[in-house]
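All remarks here apply to the structure that follows.
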Amino acid sequence: MSSQTDQIPSRLQVPSALPPGAASGLKSPGLASPSGRGPPTALTTPSFFHTPPGNHRLPSTIPSKNPLALRLYKVLGANYSDGSTREALETLSSFYSPAAATNAADSSASMSGAPVVKEPDRLARDGAEDEEDEEEQVEVWGAEYARKARRKQTEMEQPVDGELALRARKGLRRDIETKLAESSRKFLTAFAEVDKVSNISVQKSDDVIAIELMEYSLVKKLDILQVHVAEMQTRCDEAQSKLQATNESCKHLLDRAEGLRAQRQATAARQSIISLFLSRFTLTEEETQAVASRDVPVGPQVFAAMDRIEKIRTDCRVLMSGEEGETKAGLDIMSLTASLLDQAFHKLARWTSFEFRQMGKDASLDVAPLMQEAVLRLRQRPELLNDSLKILTEVRQATLLSSFLEALTRGGPGGLPRPIELHAHDPTRYVGDMLAWVHQAMAGEREFLESLFGIKGDNRMVGSVRKTTGTEEEEYVARLMDGDLEKLSMPLRVRVLQTVKSQEGSITSYKIANLLQFYLLTVSRTIGEEALLSKTLKDITDAAYQVFFDTIDAQGRSLLRFLHPPDSDLSPPLALRDSSQVLREIMAVYDSSLLGDEDPTEREAAFAQILEAAVDPAMEMCKRMSELREGMPTWDKAVFLVNCTTYMQNMLQAYSFTSAYVALLQKEVDRNIRTLVTEHSAFFLKESGLGPIVQAMDSKPEDTPLSRLPSASSQALTTALTQFDSFLETLDPSASPRLSLLSVPRLASSIHTDALHQIGRLYSRICDEVKKPENKYEFAGTLLGSRRPFGDMRVLWQILGVDVEDGQY
């Protein structure tokens, strides 16, 4: 053992990578001195057991000879909120808990097969020993301490109350060194396993931890490794010399290889660029076949190839707009793609023309998405699209004309619906069925063309005005609609005009004309006013209205041709009632044809001509009839005219679009009523006996008193007032037999009341004139008060049964 210790280094250096616990274990007091001998050094108390700095130091007045007081002051002066103090207490609690005490004893007994030695009696010894007696003292001290440690371990197995605190006070330094020694042992064991240390001997005591490391294998292996490294260095130098010589001899070859390598890289880069250029600016074989070959049908493949061509042309334009300008490659690409694009468009045009010939034979059509896409792309070539659409128009014209003639003569499939010609005996239904068929065909054609050009619906209500945006699609649709429906105009014109001209009744003529007007408005809003079908319907409508007005004029002339005097009851004549009935039916037809969105002024203006043509001849007939009876009083004429005018007025008031003409008739009624009021007042004035007095007041000279006139003398006045009193006794204030012939009782009551008002005003005037001093009536109050109403206007108004006028009291 002594021979091996000579090769052990005098002092083992702890690696810097060791754990903090292991390093502290190697450097703790008790390690062997550099010479391998000497007594153990004193153990330094850990830092966390010192009194913390600050204001927590013990006071200087603590009695130094009283240990109990000193201990109390230390406890009371400790700062338990300090982090270091808390950490120290936690460490102590881990050391001296009952479980920790038992575990510590077990681990100490099992360390390296040697007993744990402790010497409490020598904890305070710290003096220097003689170096020559150091080994002997260590051996004696170790044996004694081992004996005491075994006895102490036996006692620790069964701790009693207060033993842990006692042990902590006596063996704190020893326990800490034991913990450090245990950590050092773990580190040395791990170090021996890593570095293949053959023998590690650890001896622990309170003051010395002897560590012997046997490193024969490690030193030997390090020497071998040094030899190998030196030999490797020699071989590397030789290889470097040979490589340098080889490089010198192969320098020309390497330069040539480097040049070829650079050329290869440049060629590869150019090849990559050319490949990318060709892939971006040329078509594949499949795309070229899709565009140019007739074997490839029109479909998504063709459309994709066309999109590819368009993208190539766009990229080429960008390429040619650079600083270098137009290049030969760019011009060639543009020329080639233009040729391929023309082939594609011609292919689409041929396919659409063929499809139009096939699909145009059906009355109702469904447009496939493929056809929509083809038409959309052909719009870039208007000349090709127009050629295809011309074929579609011709086919649709023939198809619609054939379908219209079949509907007129043969009806629908299986005979339902029945042929339109079967209803030719009913003019209104006949014309209506033809117009309805044309309108339905127009709506279907519109829907087909909107689907063909991809126009989305605008959620328009049926019959409402179609709002056109003026786009290119709308122009195509309008032009095709006009062409498709063009050949329907001629058979429709012939049949409708033949039906209209054969009518003699004004009501039927107006129904047909109004029906034509409605469809004219609808068709014009759908295909435009400039379309041939719209112009045809306008001509037919004008002709129908001309026939209607001719019929109305003929009826008016017939009213004025056969005149006769009014009947004895002065009622409206039969001819007037017949013409009014015809006008009532015409107004009902016109009212049912209104859409509801017209302006009131426009509605009145549209029907004003009809009213003028129907009402004016009837009113003229009534005036002429009132002049036929010789000696017919003005009263009877006015009553007859009022009856005729109010009859016509009541008939017109049922519709709002006749308000202007009703106002004109009201003026005529008011004029005749004023005549009746005047006549009725004159009759009352004559019957009441006040007529001579009123006449005298109107004709007397200014300088002559009224009482000096014979017709207004006191005696004549008394006679007139007596007759007026008798008139009031027999007067019916509510009605008059003379007004019983008026057909409107409201007007009779109004005329009678106005006449009574006028009589009352005349009596008031007479009273005022009598009371005037300049008229020189003696006893004016006696004259007026001798007969009713005694000169009192309030009494008169009560007798007459009319409202009191302002100021008549």
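By order of appearance in the structure tokens: chains A, B, ..., then residues from 1 within every chain, and ligands from 1 in the order shown.
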Spatial neighbours of Ser736 of chain A, max dist 12 Å, only C-alpha atoms, sep filter under 3 positions, as a PyMOL selection string: chain A and resi 680-681+683-684+730-733+739-742+745+748-753+755-756
DSSP-assigned helix (DSSP H, G or I) members of segment 672-809 of chain A, reported as a PyMOL selection string: chain A and resi 672-688+691-699+706-708+710-712+714-730+737-739+745-771+773-775+780-785+793-800
Spatial neighbours of Leu665 of chain A, 7 Å, only C-alpha atoms, chain gap at least 4 places, as a count of residues only: 4
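The list of residues with at least one atom within 7 Å of Ser707 of chain A, based on only C-alpha atoms and without residues fewer than 4 positions apart in the same chain, reads Ala712, Ser713, Ser714, Asn775, Lys776 and Tyr777 of chain A.
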Restrict the selected residues to N, CA, C and O atoms and save them as a compact mmCIF listing (two decimals), in the first residue's frame.
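See selection_3.txt below for the written result:
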# COMPACT_ATOMS: atom_id res chain seq x y z
N ALA A 712 -147.26 102.83 -53.58
CA ALA A 712 -146.61 102.63 -52.29
C ALA A 712 -147.20 103.54 -51.23
O ALA A 712 -146.54 103.82 -50.22
N SER A 713 -148.41 103.97 -51.41
CA SER A 713 -149.05 104.83 -50.42
C SER A 713 -149.37 104.01 -49.18
O SER A 713 -149.21 102.77 -49.15
N SER A 714 -149.84 104.72 -48.15
CA SER A 714 -150.14 104.03 -46.90
C SER A 714 -151.25 103.00 -47.09
O SER A 714 -151.19 101.89 -46.53
N ASN A 775 -139.36 109.32 -46.31
CA ASN A 775 -140.45 108.72 -47.09
C ASN A 775 -141.82 109.16 -46.57
O ASN A 775 -142.85 108.87 -47.21
N LYS A 776 -141.87 109.86 -45.37
CA LYS A 776 -143.06 110.55 -44.86
C LYS A 776 -144.26 109.64 -44.69
O LYS A 776 -145.37 109.92 -45.14
N TYR A 777 -143.99 108.45 -44.06
CA TYR A 777 -145.10 107.58 -43.68
C TYR A 777 -145.55 107.99 -42.26
O TYR A 777 -144.72 108.07 -41.35
Top pick for closest residue to Ile507 of chain A, considering A:Phe448, A:Phe562, A:Phe548, A:Phe404 and counting only C-alpha atoms: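 Of all the options, A:Phe548 lies closest to Ile507 of chain A.
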Neighbour list for Trp437 of chain A as a list in words, cut-off 12 Å, only C-alpha atoms, skip fewer than 6 positions in-chain: Leu400, Leu401, Ser403, Phe404, Leu405, Glu406, Ala407, Leu408, Gly411, Gly412, Pro417, Pro419, Ile420, Tyr430, Val431, Ala443, Gly444, Leu485, Leu488, Leu492 and Tyr519 of chain A
Neighbour list for Thr536 of chain A as a short mmCIF file (atom, residue, chain, number, x, y, z; two decimals) with C-alpha atoms, in the first residue's frame, cut-off 12 Å, only C-alpha atoms, skip fewer than 3 positions in-chain:
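Final output, saved to selection.cif:
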data_model
loop_
_atom_site.label_atom_id
_atom_site.label_comp_id
_atom_site.auth_asym_id
_atom_site.auth_seq_id
_atom_site.Cartn_x
_atom_site.Cartn_y
_atom_site.Cartn_z
CA ASP A 482 -87.12 41.98 -82.10
CA LEU A 485 -90.88 37.96 -82.90
CA GLU A 486 -90.76 39.76 -86.22
CA LYS A 487 -92.72 37.20 -88.26
CA LEU A 488 -95.59 37.14 -85.75
CA SER A 489 -96.55 40.70 -86.64
CA MET A 490 -98.17 40.02 -90.00
CA PRO A 491 -100.67 37.24 -89.07
CA LEU A 492 -101.50 39.10 -85.84
CA ARG A 493 -102.19 42.36 -87.69
CA VAL A 494 -104.44 40.77 -90.31
CA VAL A 496 -106.96 41.73 -85.27
CA LEU A 497 -107.81 44.44 -87.84
CA LEU A 516 -104.69 46.27 -77.38
CA GLN A 517 -103.56 49.31 -75.41
CA TYR A 519 -100.64 44.68 -74.42
CA LEU A 520 -98.98 47.51 -76.29
CA VAL A 523 -94.75 44.65 -74.94
CA SER A 524 -93.13 48.09 -75.21
CA GLU A 529 -90.89 50.85 -78.45
CA GLU A 530 -88.68 50.56 -81.53
CA ALA A 531 -89.27 46.83 -81.96
CA LEU A 532 -91.32 45.75 -84.98
CA LEU A 533 -93.90 43.97 -82.83
CA ASP A 539 -100.77 50.64 -85.42
CA ILE A 540 -103.43 48.09 -84.53
CA THR A 541 -104.31 49.97 -81.34
CA ASP A 542 -104.63 53.27 -83.17
CA ALA A 543 -106.88 51.60 -85.71
#
Sel. of strand (DSSP E) residues, segment 188-403 of chain A, as number ranges by chain: A: 199-204, 209-214
Separation of atom CA of Asn672 of chain A from atom CA of Ala638 of chain A, in Å and rounded to one decimal: 5.4 Å
